[in-house]
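Structure below is my_file-v1.tsv: TSV, C-alpha atoms.
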chain	number	residue	atom	x	y	z
A	1	VAL	CA	105.97	107.37	73.48
A	2	HIS	CA	103.00	105.06	74.24
A	3	ARG	CA	105.22	101.97	74.00
A	4	GLN	CA	107.72	103.52	76.41
A	5	VAL	CA	104.93	104.39	78.86
A	6	ALA	CA	103.58	100.82	78.55
A	7	ALA	CA	107.04	99.35	79.21
A	8	LEU	CA	107.49	101.60	82.25
A	9	HIS	CA	104.05	100.56	83.56
A	10	ALA	CA	104.91	96.88	83.09
A	11	SER	CA	108.20	97.24	84.97
A	12	CYS	CA	106.99	99.51	87.80
A	13	ILE	CA	103.35	98.49	88.32
A	14	ASP	CA	103.94	94.78	87.96
A	15	GLN	CA	101.51	93.64	90.69
A	16	GLY	CA	98.37	94.81	88.88
A	17	PHE	CA	96.09	92.84	86.60
A	18	LEU	CA	96.60	95.24	83.68
A	19	SER	CA	100.33	94.47	83.60
A	20	SER	CA	99.52	90.78	83.27
A	21	LEU	CA	97.82	91.54	79.93
A	22	GLY	CA	101.18	92.51	78.43
A	23	PRO	CA	102.92	95.54	76.93
A	24	ARG	CA	100.91	95.45	73.69
A	25	PHE	CA	97.67	95.82	75.66
A	26	LEU	CA	99.19	98.59	77.79
A	27	THR	CA	100.28	100.43	74.63
A	28	VAL	CA	96.68	100.39	73.34
A	29	LEU	CA	95.47	101.55	76.78
A	30	TYR	CA	97.87	104.50	77.02
A	31	ARG	CA	97.20	105.53	73.43
A	32	ALA	CA	93.47	105.66	74.28
A	33	ILE	CA	94.14	107.68	77.46
A	34	ASP	CA	96.33	110.12	75.54
A	35	LYS	CA	93.68	110.66	72.85
A	36	SER	CA	90.76	110.95	75.29
A	37	ASP	CA	88.96	114.21	76.00
A	38	THR	CA	88.19	112.96	79.53
A	39	ALA	CA	91.71	111.92	80.56
A	40	VAL	CA	95.31	113.07	80.48
A	41	LEU	CA	98.72	111.44	80.10
A	42	LEU	CA	101.60	113.55	81.43
A	43	ILE	CA	105.19	112.40	81.00
A	44	GLU	CA	108.73	113.28	82.03
A	45	GLN	CA	111.56	112.29	79.75
A	46	ASP	CA	115.26	112.66	79.26
A	47	SER	CA	117.53	112.02	76.28
A	48	ASN	CA	116.88	108.27	76.63
A	49	GLY	CA	113.08	108.55	76.58
A	50	VAL	CA	110.24	108.44	79.10
A	51	THR	CA	111.42	108.43	82.72
A	52	GLY	CA	108.03	108.83	84.38
A	53	PHE	CA	104.33	109.36	83.75
A	54	VAL	CA	101.03	110.01	85.45
A	55	THR	CA	97.52	109.52	84.10
A	56	GLY	CA	94.18	110.69	85.38
A	57	GLY	CA	90.68	111.47	84.26
A	58	ARG	CA	87.01	111.04	84.83
A	59	GLY	CA	86.55	107.28	84.98
A	60	MET	CA	87.83	104.54	82.72
A	61	GLY	CA	84.56	103.93	80.86
A	62	PRO	CA	85.36	106.35	77.99
A	63	ILE	CA	88.89	104.94	77.79
A	64	TYR	CA	87.65	101.37	77.42
A	65	ARG	CA	85.15	102.46	74.74
A	66	ALA	CA	87.97	104.19	72.85
A	67	MET	CA	90.04	101.01	73.07
A	68	LEU	CA	87.13	99.04	71.57
A	69	SER	CA	87.04	101.44	68.62
A	70	ASP	CA	90.70	100.51	68.03
A	71	TRP	CA	89.59	96.86	67.94
A	72	PRO	CA	92.24	95.50	65.51
A	73	ALA	CA	95.09	96.61	67.82
A	74	LEU	CA	93.13	95.55	70.92
A	75	LEU	CA	92.39	92.09	69.51
A	76	ALA	CA	96.03	91.59	68.52
A	77	ALA	CA	97.13	92.69	72.00
A	78	LEU	CA	94.70	90.37	73.77
A	79	ALA	CA	95.11	87.33	71.48
A	80	PRO	CA	97.69	85.63	73.76
A	81	VAL	CA	95.36	85.79	76.79
A	82	LEU	CA	92.00	85.03	75.17
A	83	LEU	CA	92.32	81.31	75.89
A	84	ARG	CA	92.89	81.83	79.61
A	85	PRO	CA	89.56	81.83	81.49
A	86	ARG	CA	91.01	83.68	84.49
A	87	LYS	CA	92.22	86.53	82.30
A	88	ILE	CA	88.85	86.71	80.53
A	89	MET	CA	87.07	86.96	83.90
A	90	GLY	CA	89.47	89.73	84.94
A	91	ILE	CA	88.79	91.65	81.74
A	92	ILE	CA	85.03	91.30	82.26
A	93	GLU	CA	85.38	92.55	85.85
A	94	ILE	CA	87.33	95.60	84.65
A	95	LEU	CA	84.79	96.39	81.93
A	96	ARG	CA	81.90	96.05	84.38
A	97	ARG	CA	83.56	98.37	86.86
A	98	GLY	CA	84.87	100.81	84.24
A	99	GLY	CA	81.65	102.72	83.82
A	100	GLY	CA	80.45	102.65	87.40
A	101	THR	CA	81.15	104.63	90.51
A	102	ILE	CA	83.23	102.72	93.03
A	103	ALA	CA	83.10	105.49	95.61
A	104	PRO	CA	79.78	107.29	95.95
A	105	GLY	CA	80.27	110.70	97.54
A	106	LEU	CA	83.89	110.97	96.45
A	107	PRO	CA	85.21	112.84	93.38
A	108	ASP	CA	84.49	111.43	89.92
A	109	HIS	CA	88.01	112.26	88.72
A	110	GLU	CA	90.87	109.99	89.68
A	111	LEU	CA	94.55	109.34	89.35
A	112	PHE	CA	94.73	106.20	87.19
A	113	SER	CA	98.45	105.41	87.38
A	114	ILE	CA	101.82	106.93	88.18
A	115	ALA	CA	105.27	105.41	87.66
A	116	VAL	CA	108.88	106.55	87.63
A	117	ALA	CA	111.82	104.59	86.21
A	118	GLN	CA	114.22	103.15	88.77
A	119	HIS	CA	117.09	105.40	87.67
A	120	ALA	CA	114.92	108.54	88.03
A	121	ARG	CA	113.68	107.80	91.56
A	122	GLY	CA	114.83	110.19	94.23
A	123	THR	CA	115.01	113.07	91.74
A	124	GLY	CA	111.60	114.53	92.57
A	125	ALA	CA	110.06	113.15	89.37
A	126	ALA	CA	107.11	111.52	91.16
A	127	GLU	CA	106.37	114.72	93.05
A	128	ARG	CA	106.56	116.83	89.85
A	129	LEU	CA	104.26	114.46	87.97
A	130	TYR	CA	101.75	114.36	90.83
A	131	GLN	CA	101.80	118.17	91.05
A	132	ALA	CA	101.34	118.41	87.27
A	133	LEU	CA	98.21	116.24	87.53
A	134	CYS	CA	96.90	118.40	90.39
A	135	ASP	CA	97.57	121.53	88.30
A	136	HIS	CA	95.87	119.99	85.25
A	137	PHE	CA	92.74	119.11	87.22
A	138	ASN	CA	92.76	122.52	88.94
A	139	THR	CA	92.87	124.37	85.59
A	140	GLN	CA	89.99	122.17	84.39
A	141	GLY	CA	87.90	123.30	87.37
A	142	VAL	CA	88.17	119.92	89.12
A	143	PRO	CA	88.43	120.67	92.86
A	144	ALA	CA	89.50	117.17	93.97
A	145	PHE	CA	90.31	113.69	92.70
A	146	ARG	CA	90.52	110.21	94.17
A	147	ILE	CA	93.29	107.64	94.27
A	148	VAL	CA	92.68	103.93	94.88
A	149	VAL	CA	95.68	102.26	96.54
A	150	GLY	CA	95.98	98.57	97.35
A	151	ASP	CA	96.60	98.12	101.07
A	152	SER	CA	99.74	96.07	100.44
A	153	LEU	CA	101.43	99.00	98.63
A	154	ILE	CA	102.95	100.63	101.71
A	155	PRO	CA	105.36	103.00	99.85
A	156	ALA	CA	102.44	104.31	97.75
A	157	HIS	CA	100.44	105.06	100.90
A	158	ARG	CA	103.38	107.01	102.34
A	159	PHE	CA	103.79	108.96	99.08
A	160	TYR	CA	100.14	110.00	98.78
A	161	LYS	CA	99.93	111.03	102.44
A	162	ARG	CA	103.13	113.08	102.03
A	163	MET	CA	101.58	114.77	98.99
A	164	GLY	CA	98.55	115.78	101.06
A	165	ALA	CA	96.00	113.15	100.05
A	166	GLN	CA	93.55	112.15	102.78
A	167	PRO	CA	92.42	108.52	103.31
A	168	MET	CA	88.64	108.43	102.98
A	169	ARG	CA	87.47	104.80	103.05
A	170	ALA	CA	88.45	101.18	102.56
A	171	ILE	CA	86.95	99.04	99.81
A	172	CYS	CA	87.28	95.52	98.36
A	173	LEU	CA	87.78	95.57	94.60
A	174	HIS	CA	89.40	92.26	93.70
A	175	GLY	CA	87.99	89.44	95.79
A	176	ALA	CA	89.27	89.76	99.34
A	177	ALA	CA	92.02	92.30	98.55
A	178	THR	CA	91.35	95.63	100.23
A	179	SER	CA	92.25	99.09	99.03
A	180	THR	CA	92.11	102.55	100.50
A	181	ILE	CA	90.57	105.44	98.59
A	182	TYR	CA	92.35	108.76	99.10
A	183	GLN	CA	91.07	112.19	98.17
A	184	GLN	CA	93.39	114.97	96.99
A	185	ASP	CA	92.13	118.56	96.87
A	186	THR	CA	93.79	120.07	93.81
A	187	ALA	CA	94.18	123.55	95.27
A	188	ALA	CA	95.71	122.16	98.47
A	189	ALA	CA	98.37	120.04	96.76
A	190	PRO	CA	102.00	120.84	97.57
A	191	GLY	CA	103.70	123.31	95.26

Using structure tokens, write down the structure from this file.
Amino acid sequence: VHRQVAALHASCIDQGFLSSLGPRFLTVLYRAIDKSDTAVLLIEQDSNGVTGFVTGGRGMGPIYRAMLSDWPALLAALAPVLLRPRKIMGIIEILRRGGGTIAPGLPDHELFSIAVAQHARGTGAAERLYQALCDHFNTQGVPAFRIVVGDSLIPAHRFYKRMGAQPMRAICLHGAATSTIYQQDTAAAPG
């Protein structure tokens, strides 16, 4: 399942830095998210395998620490990029940010990633996965979560607004690229 989730991430979220680290790295990442006590991986699948997924939790710091404890798989996954200084700097930036708060005053919990296979789009899969994450957080006593969306991702902005998320502030995470942080109240989510 983790390999299928990683492949779906690589094909659907191909603009992000994490995708550039390859499917082996993404497999280690999603295995760590799935095993974490502070995060959740929810999937939809059909007879052919995973058709969509959503992940969320309370910060990536615990996830990155779990990945480090699986160091043989992590090292094997990162071996192809370890000789590229730009990739190393990107990894360091992610690790530095992973334990910190990027949005003081906003919820600690966040939606990490959501993706739906091309053939499953338009079936309501994204909405069901988003609602499942809202329900998960709500049952955990989490009243709201945040979503960081790159400003160039116009369809994502439309989706989150349609789902009831409210834009809260703009931030710069990667150099000059700006993102908007949304807040979703779990009890107010559609459904």

inquiry  = When you count only C-alpha atoms, which of these residues is closest to Ala76 of chain A: A:Thr38, A:Thr27, A:Thr186, A:Gln118?
reply    =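 Comparing A:Thr38, A:Thr27, A:Thr186, A:Gln118 against Ala76 of chain A, the winner is A:Thr27.
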
Which residues of segment 47-133 of chain A sit at most 12 Å from segment 157-162 of chain A, using all atoms listed in the file? Give each one's shortest atom pair and distance in Å (one decimal place), in chain and ascending residue order, as a tab-separated table.
residue	atom	partner	partner_atom	distance
A:Leu111	CA	A:Tyr160	CA	11.0
A:Ile114	CA	A:Tyr160	CA	11.2
A:Gly124	CA	A:Phe159	CA	11.6
A:Ala126	CA	A:Phe159	CA	9.0
A:Glu127	CA	A:Phe159	CA	8.7
A:Tyr130	CA	A:Tyr160	CA	9.2
A:Gln131	CA	A:Tyr160	CA	11.4

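Put simply, atom CA of His2 of chain A is 7.9 Å away from atom CA of Val28 of chain A.
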
Would you list the residues near (86.8, 106.3, 71.1) (no more than 12 Å away, in the coordinates of the file, using only C-alpha atoms) as a compact mmCIF listing (two decimals) with C-alpha atoms, in the coordinates of the input?
# COMPACT_ATOMS: atom_id res chain seq x y z
CA VAL A 28 96.68 100.39 73.34
CA LEU A 29 95.47 101.55 76.78
CA ARG A 31 97.20 105.53 73.43
CA ALA A 32 93.47 105.66 74.28
CA ILE A 33 94.14 107.68 77.46
CA ASP A 34 96.33 110.12 75.54
CA LYS A 35 93.68 110.66 72.85
CA SER A 36 90.76 110.95 75.29
CA ASP A 37 88.96 114.21 76.00
CA THR A 38 88.19 112.96 79.53
CA MET A 60 87.83 104.54 82.72
CA GLY A 61 84.56 103.93 80.86
CA PRO A 62 85.36 106.35 77.99
CA ILE A 63 88.89 104.94 77.79
CA TYR A 64 87.65 101.37 77.42
CA ARG A 65 85.15 102.46 74.74
CA ALA A 66 87.97 104.19 72.85
CA MET A 67 90.04 101.01 73.07
CA LEU A 68 87.13 99.04 71.57
CA SER A 69 87.04 101.44 68.62
CA ASP A 70 90.70 100.51 68.03
CA TRP A 71 89.59 96.86 67.94

Provide an axis-aligned box for all listed atoms of segment 148-167 of chain A, padding each side by 5 Å; report its centre and its edge lengths in Å to one decimal, as JSON.
{"center_x": 98.9, "center_y": 105.9, "center_z": 99.1, "size_x": 22.9, "size_y": 29.7, "size_z": 18.4}

query = Between A:Glu110, A:Leu8, A:Ala77, A:Leu21, which is the closest to Ala39 of chain A once you count only C-alpha atoms?
reply =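 Once distances to Ala39 of chain A are computed over only C-alpha atoms, the minimum belongs to A:Glu110.
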
inquiry  = Could you check the closest approach to Val5 of chain A for each of A:Pro167, A:Gly22, A:Gly52, A:Gly57 and tell me which residue wins, using all atoms listed in the file?
reply    = A:Gly52

Could you give me segment 4-16 of chain A completed to N, CA and C atoms, formatted as a compact mmCIF listing (two decimals), keeping the file's coordinate frame?
# COMPACT_ATOMS: atom_id res chain seq x y z
N GLN A 4 106.82 103.28 75.28
CA GLN A 4 107.72 103.52 76.41
C GLN A 4 106.93 103.62 77.71
N VAL A 5 105.78 104.29 77.67
CA VAL A 5 104.93 104.39 78.86
C VAL A 5 104.45 102.99 79.26
N ALA A 6 104.04 102.20 78.27
CA ALA A 6 103.58 100.82 78.55
C ALA A 6 104.70 99.99 79.18
N ALA A 7 105.91 100.10 78.66
CA ALA A 7 107.04 99.35 79.21
C ALA A 7 107.34 99.79 80.64
N LEU A 8 107.25 101.10 80.90
CA LEU A 8 107.49 101.60 82.25
C LEU A 8 106.40 101.11 83.20
N HIS A 9 105.14 101.11 82.75
CA HIS A 9 104.05 100.56 83.56
C HIS A 9 104.34 99.10 83.89
N ALA A 10 104.68 98.31 82.89
CA ALA A 10 104.91 96.88 83.09
C ALA A 10 106.05 96.62 84.08
N SER A 11 107.07 97.47 84.07
CA SER A 11 108.20 97.24 84.97
C SER A 11 107.97 97.81 86.38
N CYS A 12 107.17 98.86 86.50
CA CYS A 12 106.99 99.51 87.80
C CYS A 12 105.69 99.14 88.50
N ILE A 13 104.65 98.82 87.74
CA ILE A 13 103.35 98.49 88.32
C ILE A 13 103.07 97.03 87.97
N ASP A 14 103.99 96.18 88.38
CA ASP A 14 103.94 94.78 87.96
C ASP A 14 103.02 93.91 88.79
N GLN A 15 102.42 94.44 89.87
CA GLN A 15 101.51 93.64 90.69
C GLN A 15 100.07 93.69 90.20
N GLY A 16 99.75 94.62 89.32
CA GLY A 16 98.37 94.81 88.88
C GLY A 16 97.96 93.87 87.77
